[in-house]
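Structure file work-v4.cif (mmCIF, C-alpha atoms (C1' of nucleotides)) follows.
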```cif
data_model
loop_
_atom_site.label_atom_id
_atom_site.label_comp_id
_atom_site.auth_asym_id
_atom_site.auth_seq_id
_atom_site.Cartn_x
_atom_site.Cartn_y
_atom_site.Cartn_z
CA MET A 78 -19.76 -93.95 -32.71
CA PRO A 79 -17.28 -91.12 -32.19
CA GLY A 80 -18.10 -89.13 -35.33
CA ASP A 81 -20.37 -89.37 -38.31
CA LEU A 82 -18.13 -88.69 -41.25
CA ALA A 83 -19.36 -89.80 -44.65
CA TYR A 84 -16.18 -91.87 -44.84
CA ASP A 85 -13.94 -93.74 -42.47
CA PRO A 86 -10.93 -91.51 -41.83
CA SER A 87 -8.68 -94.37 -40.80
CA ASP A 88 -9.30 -96.19 -44.07
CA SER A 89 -6.84 -94.88 -46.62
CA GLN A 90 -8.84 -96.43 -49.45
CA ALA A 91 -11.79 -94.29 -48.49
CA LEU A 92 -9.59 -91.22 -48.07
CA ALA A 93 -8.16 -91.78 -51.53
CA ARG A 94 -11.63 -92.03 -53.03
CA ARG A 95 -12.64 -88.90 -51.22
CA LEU A 96 -9.70 -86.97 -52.65
CA ARG A 97 -10.26 -88.27 -56.14
CA ALA A 98 -13.89 -87.21 -55.96
CA LEU A 99 -12.65 -83.68 -55.29
CA HIS A 100 -10.46 -83.77 -58.39
CA VAL A 101 -7.12 -83.58 -56.66
CA ARG A 102 -4.24 -85.99 -57.04
CA VAL A 103 -3.88 -88.67 -54.46
CA THR A 104 -0.41 -88.79 -52.99
CA SER A 105 0.93 -90.67 -50.01
CA GLN A 106 1.77 -87.37 -48.35
CA ARG A 107 -1.83 -86.21 -48.55
CA LEU A 108 -3.20 -89.47 -47.26
CA LEU A 109 -0.69 -89.37 -44.45
CA VAL A 110 -1.70 -85.90 -43.34
CA LEU A 111 -5.35 -86.94 -43.34
CA GLU A 112 -4.54 -90.08 -41.38
CA ALA A 113 -2.57 -88.06 -38.87
CA LEU A 114 -5.54 -85.79 -38.25
CA ALA A 115 -7.85 -88.81 -38.05
CA ALA A 116 -5.59 -90.63 -35.61
CA HIS A 117 -4.98 -87.69 -33.34
CA ARG A 118 -8.71 -86.93 -33.16
CA GLY A 119 -8.87 -83.27 -32.35
CA HIS A 120 -6.70 -80.31 -33.25
CA MET A 121 -3.08 -80.55 -34.31
CA THR A 122 -0.47 -78.07 -35.41
CA ALA A 123 1.47 -78.58 -38.63
CA GLU A 124 4.44 -79.49 -36.48
CA GLU A 125 2.46 -82.19 -34.71
CA VAL A 126 1.22 -83.64 -37.97
CA MET A 127 4.84 -83.70 -39.04
CA ARG A 128 5.98 -85.52 -35.92
CA TRP A 129 3.25 -88.13 -36.31
CA ALA A 130 3.82 -88.65 -40.01
CA ALA A 131 7.60 -88.42 -40.35
CA PRO A 132 8.38 -91.86 -38.83
CA ARG A 133 5.87 -93.37 -41.26
CA PHE A 134 7.29 -91.70 -44.31
CA SER A 135 10.88 -90.58 -44.12
CA GLY A 136 11.60 -87.66 -46.35
CA LEU A 137 8.29 -85.97 -45.66
CA ASN A 138 8.80 -82.25 -45.52
CA LEU A 139 7.23 -79.66 -43.27
CA ALA A 140 6.59 -77.37 -46.23
CA THR A 141 4.59 -80.15 -47.83
CA VAL A 142 2.57 -80.57 -44.67
CA TYR A 143 1.73 -76.88 -44.75
CA ARG A 144 0.83 -76.98 -48.42
CA THR A 145 -1.29 -80.07 -47.89
CA LEU A 146 -3.13 -78.62 -44.93
CA GLU A 147 -3.85 -75.49 -46.90
CA LEU A 148 -5.25 -77.62 -49.71
CA LEU A 149 -7.39 -79.69 -47.38
CA VAL A 150 -8.76 -76.55 -45.78
CA SER A 151 -9.68 -75.13 -49.18
CA LEU A 152 -11.39 -78.41 -50.02
CA GLY A 153 -13.38 -78.16 -46.82
CA LEU A 154 -12.02 -81.40 -45.40
CA VAL A 155 -10.08 -79.69 -42.67
CA ALA A 156 -10.88 -76.78 -40.38
CA GLN A 157 -8.34 -74.23 -39.32
CA THR A 158 -8.50 -72.41 -35.98
CA ASP A 159 -6.32 -70.04 -34.08
CA LEU A 160 -6.31 -71.30 -30.52
CA GLY A 161 -4.10 -68.52 -29.27
CA GLY A 162 -0.91 -70.56 -29.20
CA GLU A 163 1.96 -69.70 -31.50
CA ALA A 164 0.97 -72.22 -34.14
CA THR A 165 -2.31 -72.60 -36.02
CA ALA A 166 -4.47 -75.63 -35.20
CA PHE A 167 -6.05 -77.91 -37.79
CA GLU A 168 -8.67 -80.57 -37.40
CA LEU A 169 -10.65 -82.95 -39.54
CA VAL A 170 -14.09 -81.68 -40.48
CA GLY A 171 -16.93 -84.02 -39.59
CA GLY A 172 -18.97 -84.89 -36.56
CA ALA A 173 -20.87 -82.22 -34.70
CA PRO A 174 -20.01 -78.59 -35.43
CA HIS A 175 -18.27 -77.05 -32.48
CA HIS A 176 -16.07 -74.25 -31.23
CA HIS A 177 -13.33 -74.11 -28.65
CA LEU A 178 -12.97 -72.99 -25.08
CA VAL A 179 -9.30 -72.47 -24.35
CA CYS A 180 -8.18 -72.40 -20.71
CA GLU A 181 -5.55 -69.72 -20.28
CA SER A 182 -4.39 -71.36 -17.09
CA CYS A 183 -3.80 -75.00 -18.02
CA GLY A 184 -4.07 -74.84 -21.79
CA ALA A 185 -6.94 -77.30 -21.96
CA VAL A 186 -9.17 -77.04 -25.01
CA ILE A 187 -12.83 -77.87 -24.47
CA GLU A 188 -15.14 -78.42 -27.39
CA MET A 189 -18.21 -76.24 -27.20
CA ASP A 190 -21.31 -77.33 -29.05
CA ASP A 191 -22.21 -75.02 -31.92
CA SER A 192 -25.79 -74.79 -30.70
CA LEU A 193 -24.69 -72.49 -27.88
CA PHE A 194 -23.39 -70.12 -30.48
CA GLN A 195 -26.57 -69.94 -32.57
CA SER A 196 -28.34 -67.27 -30.60
CA LEU A 197 -25.33 -64.97 -30.66
CA ARG A 198 -25.11 -65.55 -34.38
CA SER A 199 -28.71 -64.55 -34.96
CA ASP A 200 -28.39 -61.56 -32.60
CA VAL A 201 -25.41 -60.35 -34.56
CA GLN A 202 -27.29 -60.89 -37.78
CA ARG A 203 -30.29 -58.94 -36.58
CA ARG A 204 -28.41 -56.10 -34.94
CA TYR A 205 -25.53 -55.55 -37.34
CA GLY A 206 -26.57 -57.38 -40.49
CA PHE A 207 -23.40 -59.36 -40.04
CA ASP A 208 -23.32 -62.97 -41.16
CA ALA A 209 -21.00 -64.85 -38.80
CA ARG A 210 -19.55 -67.79 -40.65
CA SER A 211 -19.45 -71.02 -38.72
CA ARG A 212 -15.69 -71.02 -38.88
CA HIS A 213 -14.40 -72.33 -35.60
CA ILE A 214 -14.17 -69.82 -32.85
CA ALA A 215 -12.07 -69.79 -29.75
CA LEU A 216 -13.12 -68.28 -26.44
CA PHE A 217 -10.44 -67.75 -23.83
CA GLY A 218 -10.94 -68.00 -20.11
CA VAL A 219 -10.53 -70.36 -17.20
CA CYS A 220 -11.83 -73.92 -17.10
CA ARG A 221 -13.77 -75.48 -14.25
CA ASP A 222 -10.79 -77.40 -12.86
CA CYS A 223 -8.50 -74.39 -12.78
CA ARG A 224 -11.21 -72.28 -11.17
CA SER A 225 -11.72 -74.72 -8.34
CA ALA A 226 -7.97 -75.18 -7.97
CA ALA A 227 -7.55 -71.42 -7.74
CA ALA A 228 -10.34 -71.14 -5.20
CA ALA A 229 -8.80 -73.90 -3.09
CA SER A 230 -5.29 -72.44 -3.05
CA GLU A 231 -6.70 -69.05 -2.18
CA THR A 232 -8.27 -70.57 0.91
CA ASP A 233 -4.98 -72.29 1.79
CA THR A 234 -2.75 -69.24 1.62
CA ARG A 235 -5.13 -67.18 3.65
CA MET B 187 -19.06 -37.92 -25.59
CA PRO B 188 -17.24 -40.60 -27.53
CA GLY B 189 -15.89 -42.55 -24.57
CA ASP B 190 -15.93 -42.37 -20.82
CA LEU B 191 -12.36 -42.87 -19.77
CA ALA B 192 -11.42 -41.80 -16.29
CA TYR B 193 -8.82 -39.59 -17.95
CA ASP B 194 -8.44 -37.69 -21.16
CA PRO B 195 -6.28 -39.80 -23.43
CA SER B 196 -5.16 -36.88 -25.54
CA ASP B 197 -3.83 -35.05 -22.49
CA SER B 198 -0.30 -36.26 -21.86
CA GLN B 199 -0.36 -34.76 -18.37
CA ALA B 200 -3.25 -37.02 -17.49
CA LEU B 201 -1.59 -40.00 -19.13
CA ALA B 202 1.55 -39.38 -17.13
CA ARG B 203 -0.41 -39.24 -13.91
CA ARG B 204 -2.17 -42.43 -14.85
CA LEU B 205 1.13 -44.23 -15.40
CA ARG B 206 2.64 -42.92 -12.20
CA ALA B 207 -0.38 -44.14 -10.27
CA LEU B 208 0.38 -47.61 -11.58
CA HIS B 209 3.96 -47.40 -10.33
CA VAL B 210 5.67 -47.46 -13.67
CA ARG B 211 8.17 -44.96 -14.97
CA VAL B 212 6.87 -42.28 -17.25
CA THR B 213 8.85 -42.02 -20.46
CA SER B 214 8.15 -40.13 -23.62
CA GLN B 215 7.99 -43.41 -25.52
CA ARG B 216 5.20 -44.70 -23.31
CA LEU B 217 3.24 -41.50 -23.52
CA LEU B 218 3.66 -41.52 -27.26
CA VAL B 219 2.30 -45.03 -27.65
CA LEU B 220 -0.69 -44.13 -25.53
CA GLU B 221 -1.27 -40.97 -27.54
CA ALA B 222 -1.06 -42.95 -30.75
CA LEU B 223 -3.75 -45.32 -29.57
CA ALA B 224 -5.86 -42.42 -28.36
CA ALA B 225 -5.48 -40.52 -31.63
CA HIS B 226 -6.20 -43.43 -33.88
CA ARG B 227 -9.32 -44.33 -31.90
CA GLY B 228 -9.78 -48.03 -32.52
CA HIS B 229 -7.41 -50.89 -33.07
CA MET B 230 -3.85 -50.51 -34.30
CA THR B 231 -1.01 -52.88 -34.95
CA ALA B 232 2.42 -52.27 -33.45
CA GLU B 233 3.58 -51.27 -36.90
CA GLU B 234 0.83 -48.65 -37.16
CA VAL B 235 1.66 -47.23 -33.77
CA MET B 236 5.23 -47.02 -34.98
CA ARG B 237 4.29 -45.18 -38.14
CA TRP B 238 2.21 -42.68 -36.20
CA ALA B 239 4.78 -42.12 -33.52
CA ALA B 240 8.07 -42.21 -35.43
CA PRO B 241 7.71 -38.76 -37.06
CA ARG B 242 6.99 -37.31 -33.63
CA PHE B 243 9.99 -38.89 -31.97
CA SER B 244 12.84 -39.87 -34.20
CA GLY B 245 14.84 -42.75 -32.84
CA LEU B 246 11.80 -44.55 -31.50
CA ASN B 247 12.26 -48.25 -31.97
CA LEU B 248 9.77 -50.91 -32.94
CA ALA B 249 11.04 -53.22 -30.21
CA THR B 250 10.24 -50.51 -27.70
CA VAL B 251 6.75 -50.17 -29.10
CA TYR B 252 6.24 -53.89 -28.63
CA ARG B 253 7.62 -53.80 -25.09
CA THR B 254 5.49 -50.80 -24.26
CA LEU B 255 2.32 -52.35 -25.65
CA GLU B 256 2.99 -55.49 -23.67
CA LEU B 257 3.39 -53.40 -20.53
CA LEU B 258 0.23 -51.43 -21.16
CA VAL B 259 -1.70 -54.63 -21.73
CA SER B 260 -0.44 -56.07 -18.46
CA LEU B 261 -1.45 -52.84 -16.72
CA GLY B 262 -4.93 -53.18 -18.19
CA LEU B 263 -4.73 -49.89 -20.07
CA VAL B 264 -4.68 -51.56 -23.45
CA ALA B 265 -6.56 -54.52 -24.90
CA GLN B 266 -5.00 -56.98 -27.27
CA THR B 267 -6.98 -58.83 -29.92
CA ASP B 268 -6.22 -61.13 -32.76
CA LEU B 269 -8.31 -59.89 -35.65
CA GLY B 270 -7.15 -62.59 -37.99
CA GLY B 271 -4.69 -60.43 -39.89
CA GLU B 272 -1.00 -61.15 -39.67
CA ALA B 273 -0.34 -58.67 -36.91
CA THR B 274 -1.95 -58.40 -33.49
CA ALA B 275 -4.29 -55.47 -32.85
CA PHE B 276 -4.16 -53.22 -29.80
CA GLU B 277 -6.61 -50.66 -28.54
CA LEU B 278 -7.06 -48.36 -25.63
CA VAL B 279 -9.28 -49.73 -22.88
CA GLY B 280 -12.19 -47.50 -21.93
CA GLY B 281 -15.64 -46.77 -23.20
CA ALA B 282 -18.16 -49.53 -23.60
CA PRO B 283 -16.90 -53.11 -23.56
CA HIS B 284 -17.13 -54.61 -26.99
CA HIS B 285 -15.95 -57.33 -29.32
CA HIS B 286 -15.23 -57.39 -33.02
CA LEU B 287 -16.97 -58.55 -36.16
CA VAL B 288 -14.40 -58.91 -38.90
CA CYS B 289 -15.61 -58.97 -42.50
CA GLU B 290 -13.59 -61.51 -44.42
CA SER B 291 -14.60 -59.89 -47.66
CA CYS B 292 -13.77 -56.21 -47.20
CA GLY B 293 -11.76 -56.32 -44.00
CA ALA B 294 -14.09 -53.99 -42.13
CA VAL B 295 -14.11 -54.32 -38.36
CA ILE B 296 -17.43 -53.66 -36.65
CA GLU B 297 -17.64 -53.18 -32.92
CA MET B 298 -20.13 -55.51 -31.32
CA ASP B 299 -21.62 -54.55 -28.00
CA ASP B 300 -20.54 -56.86 -25.18
CA SER B 301 -24.14 -57.29 -24.08
CA LEU B 302 -24.80 -59.58 -27.04
CA PHE B 303 -22.09 -61.82 -25.74
CA GLN B 304 -23.43 -62.15 -22.20
CA SER B 305 -25.89 -64.92 -22.81
CA LEU B 306 -23.29 -67.07 -24.54
CA ARG B 307 -20.97 -66.41 -21.65
CA SER B 308 -23.49 -67.59 -19.09
CA ASP B 309 -24.46 -70.60 -21.22
CA VAL B 310 -20.83 -71.63 -21.41
CA GLN B 311 -20.51 -71.12 -17.70
CA ARG B 312 -23.53 -73.24 -16.93
CA ARG B 313 -22.81 -76.01 -19.40
CA TYR B 314 -19.06 -76.38 -19.16
CA GLY B 315 -18.15 -74.56 -15.95
CA PHE B 316 -15.95 -72.43 -18.15
CA ASP B 317 -15.43 -68.81 -17.24
CA ALA B 318 -15.04 -66.86 -20.49
CA ARG B 319 -12.95 -63.82 -19.73
CA SER B 320 -14.11 -60.61 -21.32
CA ARG B 321 -10.96 -60.43 -23.39
CA HIS B 322 -11.92 -59.10 -26.78
CA ILE B 323 -13.24 -61.64 -29.18
CA ALA B 324 -13.37 -61.62 -32.93
CA LEU B 325 -16.06 -63.23 -35.03
CA PHE B 326 -15.38 -63.68 -38.72
CA GLY B 327 -17.98 -63.50 -41.44
CA VAL B 328 -19.46 -61.17 -44.01
CA CYS B 329 -20.75 -57.69 -43.27
CA ARG B 330 -24.06 -56.27 -44.44
CA ASP B 331 -22.56 -54.24 -47.27
CA CYS B 332 -20.60 -57.13 -48.71
CA ARG B 333 -23.62 -59.38 -48.47
CA SER B 334 -25.82 -57.04 -50.43
CA ALA B 335 -23.02 -56.38 -52.91
CA ALA B 336 -22.62 -60.12 -53.42
CA ALA B 337 -26.36 -60.58 -53.87
CA ALA B 338 -26.49 -57.75 -56.40
CA SER B 339 -23.61 -59.03 -58.53
CA GLU B 340 -25.09 -62.50 -58.50
CA THR B 341 -28.25 -61.09 -60.03
CA ASP B 342 -26.22 -59.18 -62.61
CA THR B 343 -24.13 -62.06 -63.88
CA ARG B 344 -27.09 -64.30 -64.20
"C1'" DG C 238 23.42 -42.87 -8.13
"C1'" DT C 239 20.83 -46.86 -9.46
"C1'" DG C 240 17.99 -49.80 -11.72
"C1'" DA C 241 14.50 -49.75 -15.11
"C1'" DG C 242 13.86 -48.39 -19.97
"C1'" DT C 243 15.65 -47.93 -24.56
"C1'" DG C 244 18.03 -48.49 -29.16
"C1'" DC C 245 20.26 -51.50 -31.94
"C1'" DA C 246 20.99 -55.69 -34.15
"C1'" DA C 247 20.62 -60.28 -34.20
"C1'" DA C 248 17.81 -64.27 -33.25
"C1'" DT C 249 13.45 -66.67 -33.01
"C1'" DG C 250 9.47 -69.37 -34.57
"C1'" DC C 251 5.88 -70.12 -37.80
"C1'" DT C 252 4.89 -70.10 -42.42
"C1'" DT C 253 5.70 -69.31 -47.40
"C1'" DT C 254 8.12 -69.59 -51.76
"C1'" DG C 255 11.40 -70.54 -55.91
"C1'" DC C 256 13.19 -74.02 -58.21
"C1'" DA C 257 14.56 -78.62 -60.04
"C1'" DG C 258 13.39 -83.14 -59.95
"C1'" DA C 259 9.73 -86.95 -58.96
"C1'" DC C 260 5.36 -88.97 -59.59
"C1'" DG C 261 0.17 -89.44 -60.21
"C1'" DT C 262 -3.00 -89.45 -64.02
"C1'" DA D 54 4.13 -87.46 -71.63
"C1'" DC D 55 1.99 -83.85 -69.04
"C1'" DG D 56 1.45 -81.04 -65.47
"C1'" DT D 57 1.16 -81.25 -60.63
"C1'" DC D 58 3.35 -82.24 -56.25
"C1'" DT D 59 7.31 -82.68 -53.50
"C1'" DG D 60 11.85 -81.90 -51.21
"C1'" DC D 61 15.13 -78.73 -50.28
"C1'" DA D 62 16.87 -74.49 -48.96
"C1'" DA D 63 16.22 -69.90 -48.44
"C1'" DA D 64 13.31 -66.07 -47.65
"C1'" DG D 65 9.52 -63.54 -45.12
"C1'" DC D 66 7.19 -61.54 -41.43
"C1'" DA D 67 5.74 -60.46 -36.75
"C1'" DT D 68 7.71 -60.61 -32.52
"C1'" DT D 69 11.39 -61.32 -28.96
"C1'" DT D 70 15.85 -60.98 -26.80
"C1'" DG D 71 20.85 -59.82 -25.32
"C1'" DC D 72 23.53 -56.18 -24.41
"C1'" DA D 73 25.45 -51.66 -23.54
"C1'" DC D 74 23.97 -47.17 -22.80
"C1'" DT D 75 20.60 -43.65 -21.06
"C1'" DC D 76 17.38 -41.54 -18.32
"C1'" DA D 77 13.52 -41.24 -14.82
"C1'" DC D 78 13.30 -41.47 -10.15
#
```

Could the structure of this file be written out as structure tokens, please?
Amino acid sequence: MPGDLAYDPSDSQALARRLRALHVRVTSQRLLVLEALAAHRGHMTAEEVMRWAAPRFSGLNLATVYRTLELLVSLGLVAQTDLGGEATAFELVGGAPHHHLVCESCGAVIEMDDSLFQSLRSDVQRRYGFDARSRHIALFGVCRDCRSAAAASETDTR
Amino acid sequence: MPGDLAYDPSDSQALARRLRALHVRVTSQRLLVLEALAAHRGHMTAEEVMRWAAPRFSGLNLATVYRTLELLVSLGLVAQTDLGGEATAFELVGGAPHHHLVCESCGAVIEMDDSLFQSLRSDVQRRYGFDARSRHIALFGVCRDCRSAAAASETDTR
DNA sequence: GTGAGTGCAAATGCTTTGCAGACGT
DNA sequence: ACGTCTGCAAAGCATTTGCACTCAC
């Protein structure tokens, strides 16, 4: 229901098969990173993956997490996005393509359907001959909740 | 002709007046950073500002450049954008509002008119109640030149 | 004169890398 | 067995910060 991956991301058997199909070695560290991303559903920093995985595999190293994420990104299994925070965000590829709306006030991250982005993409193509890759994009601004909160407090203080 | 600032950015007298109007102290370091951005016309990293300014003011410090850029951003005189490189890009505010198309192949940065972005902005507003601020945005992809170059070489090698 | 601004150097936080040993194939 | 992957520790890089001194006001 939640996604429509070609494999079940919480099934390590399936993950292993998936990796093998891509001609890379299957290690417990790699499976663990994938499971972390699957469990957390949504974006995670390398540090967060580490915190989730470490209790399940003592000895796991942050450098390995970084190397693994880099590998998974190059394999196309994981998407990498800069959400404006200090650390880079990673998330499992699959489900509907989307981008991110980042609230500068509360930090919330809203998933924006990729369809909204299509017309800008074709405009940019037509006008500049520029082919915008569907790499995840982040727009910064203020979310609905923070806007109404701000409006309310403005009324109060006045 | 090139821009339509309310002041001439290459005239340090005007820059000084501008700063004073905003109630901040006028120092040669601040003027120099502004002049650097004005001279370079377009985006610069802190390091680039430093390289431009250092010969003109020995003793200038990179930390000061960072502090100054941060101040200018908070005053609204300078815009800050993450163009995907390692360092953050800064540019003088003024002229037509725009965003950036960054070619992942050759590194070129094309300025995209803000008008193209308006419909996405209103869609996002309508659909998610999210108010996308006009903070500069970067889209990543492949520029026209690199696309045709790629197409050409593909024909060659085949 | 006074507090904000600056230079200097050290610290920070994320990320990468060199190397020796461990492990998947 | 082979070559890749990992852990460890140290380095790298952009950016920030503490502190004493300086300068714009």

Item to complete: I would like the residues chosen by the PyMOL selection byres ((chain C) within 8 of (chain A)) on the shown file; could you give them as a list in words?
Response: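 Taken over the shown coordinates, the PyMOL selection byres ((chain C) within 8 of (chain A)) returns DC251, DT252, DG261 and DT262 of chain C.
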
Worksheet entry | Separation of atom CA of Ala324 of chain B from atom CA of Leu269 of chain B in Å | 6.0 Å

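You can rank B:His209, B:Val219, B:Gly281, B:Cys289 by their closest distance to Cys332 of chain B using all atoms listed in the file, and at the top of that list sits B:Cys289.
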
Practice prompt. May I have the residues within 10 Å of Arg321 of chain B as a ChimeraX atom specification, using all atoms listed in the file and disregarding those fewer than 4 positions away in the same chain?
Written response: /A:216-218 /B:265-267,283-285

Worksheet item: Residues at most 12 Å from DC74 of chain D, counting all atoms listed in the file, excluding those fewer than 4 positions away in the same chain, as a ChimeraX atom specification?
Response: /C:242-245

Wanna dump the chain B-chain A contacts at 9 Å for me, each residue with its shortest atom pair and the distance in Å to one decimal, counting all atoms listed in the file, ordered by chain and number, as JSON lines?
```
{"residue": "B:Asp268", "atom": "CA", "partner": "A:Gly161", "partner_atom": "CA", "distance": 8.4}
{"residue": "B:Gly270", "atom": "CA", "partner": "A:Asp159", "partner_atom": "CA", "distance": 8.5}
{"residue": "B:Leu287", "atom": "CA", "partner": "A:Phe207", "partner_atom": "CA", "distance": 7.6}
{"residue": "B:Val288", "atom": "CA", "partner": "A:Ala209", "partner_atom": "CA", "distance": 8.9}
{"residue": "B:Cys289", "atom": "CA", "partner": "A:Phe207", "partner_atom": "CA", "distance": 8.2}
{"residue": "B:Ile296", "atom": "CA", "partner": "A:Tyr205", "partner_atom": "CA", "distance": 8.3}
{"residue": "B:Met298", "atom": "CA", "partner": "A:Val201", "partner_atom": "CA", "distance": 7.9}
{"residue": "B:Leu302", "atom": "CA", "partner": "A:Leu197", "partner_atom": "CA", "distance": 6.5}
{"residue": "B:Phe303", "atom": "CA", "partner": "A:Leu197", "partner_atom": "CA", "distance": 6.7}
{"residue": "B:Ser305", "atom": "CA", "partner": "A:Leu197", "partner_atom": "CA", "distance": 7.9}
{"residue": "B:Leu306", "atom": "CA", "partner": "A:Leu193", "partner_atom": "CA", "distance": 6.5}
{"residue": "B:Asp309", "atom": "CA", "partner": "A:Leu193", "partner_atom": "CA", "distance": 6.9}
{"residue": "B:Val310", "atom": "CA", "partner": "A:Leu193", "partner_atom": "CA", "distance": 7.6}
{"residue": "B:Gln311", "atom": "CA", "partner": "A:Arg221", "partner_atom": "CA", "distance": 8.7}
{"residue": "B:Tyr314", "atom": "CA", "partner": "A:Arg221", "partner_atom": "CA", "distance": 7.3}
{"residue": "B:Gly315", "atom": "CA", "partner": "A:Arg221", "partner_atom": "CA", "distance": 4.8}
{"residue": "B:Phe316", "atom": "CA", "partner": "A:Cys220", "partner_atom": "CA", "distance": 4.5}
{"residue": "B:Asp317", "atom": "CA", "partner": "A:Val219", "partner_atom": "CA", "distance": 5.1}
{"residue": "B:Ala318", "atom": "CA", "partner": "A:Gly218", "partner_atom": "CA", "distance": 4.3}
{"residue": "B:Arg319", "atom": "CA", "partner": "A:Gly218", "partner_atom": "CA", "distance": 4.7}
{"residue": "B:Ser320", "atom": "CA", "partner": "A:Gly218", "partner_atom": "CA", "distance": 8.1}
{"residue": "B:Arg321", "atom": "CA", "partner": "A:Phe217", "partner_atom": "CA", "distance": 7.4}
{"residue": "B:Ile323", "atom": "CA", "partner": "A:Leu216", "partner_atom": "CA", "distance": 7.2}
{"residue": "B:Ala324", "atom": "CA", "partner": "A:Ile214", "partner_atom": "CA", "distance": 8.2}
{"residue": "B:Leu325", "atom": "CA", "partner": "A:Ala209", "partner_atom": "CA", "distance": 6.4}
{"residue": "B:Phe326", "atom": "CA", "partner": "A:Ala209", "partner_atom": "CA", "distance": 5.7}
{"residue": "B:Gly327", "atom": "CA", "partner": "A:Ala209", "partner_atom": "CA", "distance": 4.2}
{"residue": "B:Val328", "atom": "CA", "partner": "A:Asp208", "partner_atom": "CA", "distance": 5.1}
{"residue": "B:Cys329", "atom": "CA", "partner": "A:Phe207", "partner_atom": "CA", "distance": 4.5}
{"residue": "B:Arg330", "atom": "CA", "partner": "A:Gly206", "partner_atom": "CA", "distance": 4.8}
{"residue": "B:Asp331", "atom": "CA", "partner": "A:Gly206", "partner_atom": "CA", "distance": 8.5}
{"residue": "B:Arg333", "atom": "CA", "partner": "A:Asp208", "partner_atom": "CA", "distance": 8.1}
```

Counting all atoms listed in the file, which residues of chain D fall within 9 Å of chain B, and what is the closest atom pair for each with its distance in Å at one decimal, ordered by chain and rising number, as JSON lines?
```
{"residue": "D:DC66", "atom": "C1'", "partner": "B:Glu272", "partner_atom": "CA", "distance": 8.4}
{"residue": "D:DA67", "atom": "C1'", "partner": "B:Ala273", "partner_atom": "CA", "distance": 6.3}
{"residue": "D:DT68", "atom": "C1'", "partner": "B:Tyr252", "partner_atom": "CA", "distance": 7.9}
{"residue": "D:DT69", "atom": "C1'", "partner": "B:Ala249", "partner_atom": "CA", "distance": 8.2}
{"residue": "D:DC76", "atom": "C1'", "partner": "B:Thr213", "partner_atom": "CA", "distance": 8.8}
{"residue": "D:DA77", "atom": "C1'", "partner": "B:Arg211", "partner_atom": "CA", "distance": 6.5}
{"residue": "D:DC78", "atom": "C1'", "partner": "B:Arg211", "partner_atom": "CA", "distance": 7.9}
```

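Comparing the minimum interatomic distances between Thr122 of chain A and each of A:Leu146, A:Leu96, A:Leu137, A:Ala228, counting all atoms listed in the file, we find that A:Leu146 sits nearest.
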
Any chance you could work out the axis-aligned box around segment 220-238 of chain B, listed atoms only, 5 Å on each side, giving centre and edge lengths in Å to one decimal, as lines of an AutoDock Vina configuration file?
```
center_x = -2.3
center_y = -46.7
center_z = -31.8
size_x = 25.0
size_y = 22.4
size_z = 22.6
```

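Put simply, atom CA of Ser192 of chain A is 26.7 Å away from atom CA of Gly293 of chain B.
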
Fill in: segment 254-258 of chain C surroundings by only C-alpha atoms (C1' of nucleotides), 9 Å radius, close-in-sequence under 4 positions cut, as a list in words
DT59, DG60, DA63 and DA64 of chain D

Worksheet entry | Interatomic distance, atom CA of Ala294 of chain B to atom CA of Leu149 of chain A (Å, one decimal) | 27.1 Å

Worksheet item: Which of these, A:Ala226, A:Leu111, A:Val186, A:Ala130, has the shortest distance to Leu169 of chain A once you count all atoms listed in the file?
Response: A:Leu111

Fill in: Selection under test: the PyMOL selection byres ((chain A and resi 121) around 6); residues as a list in words
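Applying the expression gives His120, Thr122, Glu125, Ala166 and Phe167 of chain A.
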
Fill in: Residue contacts of DT70 of chain D (10 Å, all atoms listed in the file) excluding same-chain residues fewer than 6 positions away, as a list in words
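The filter keeps Ala249 of chain B; DA247, DA248 and DT249 of chain C.
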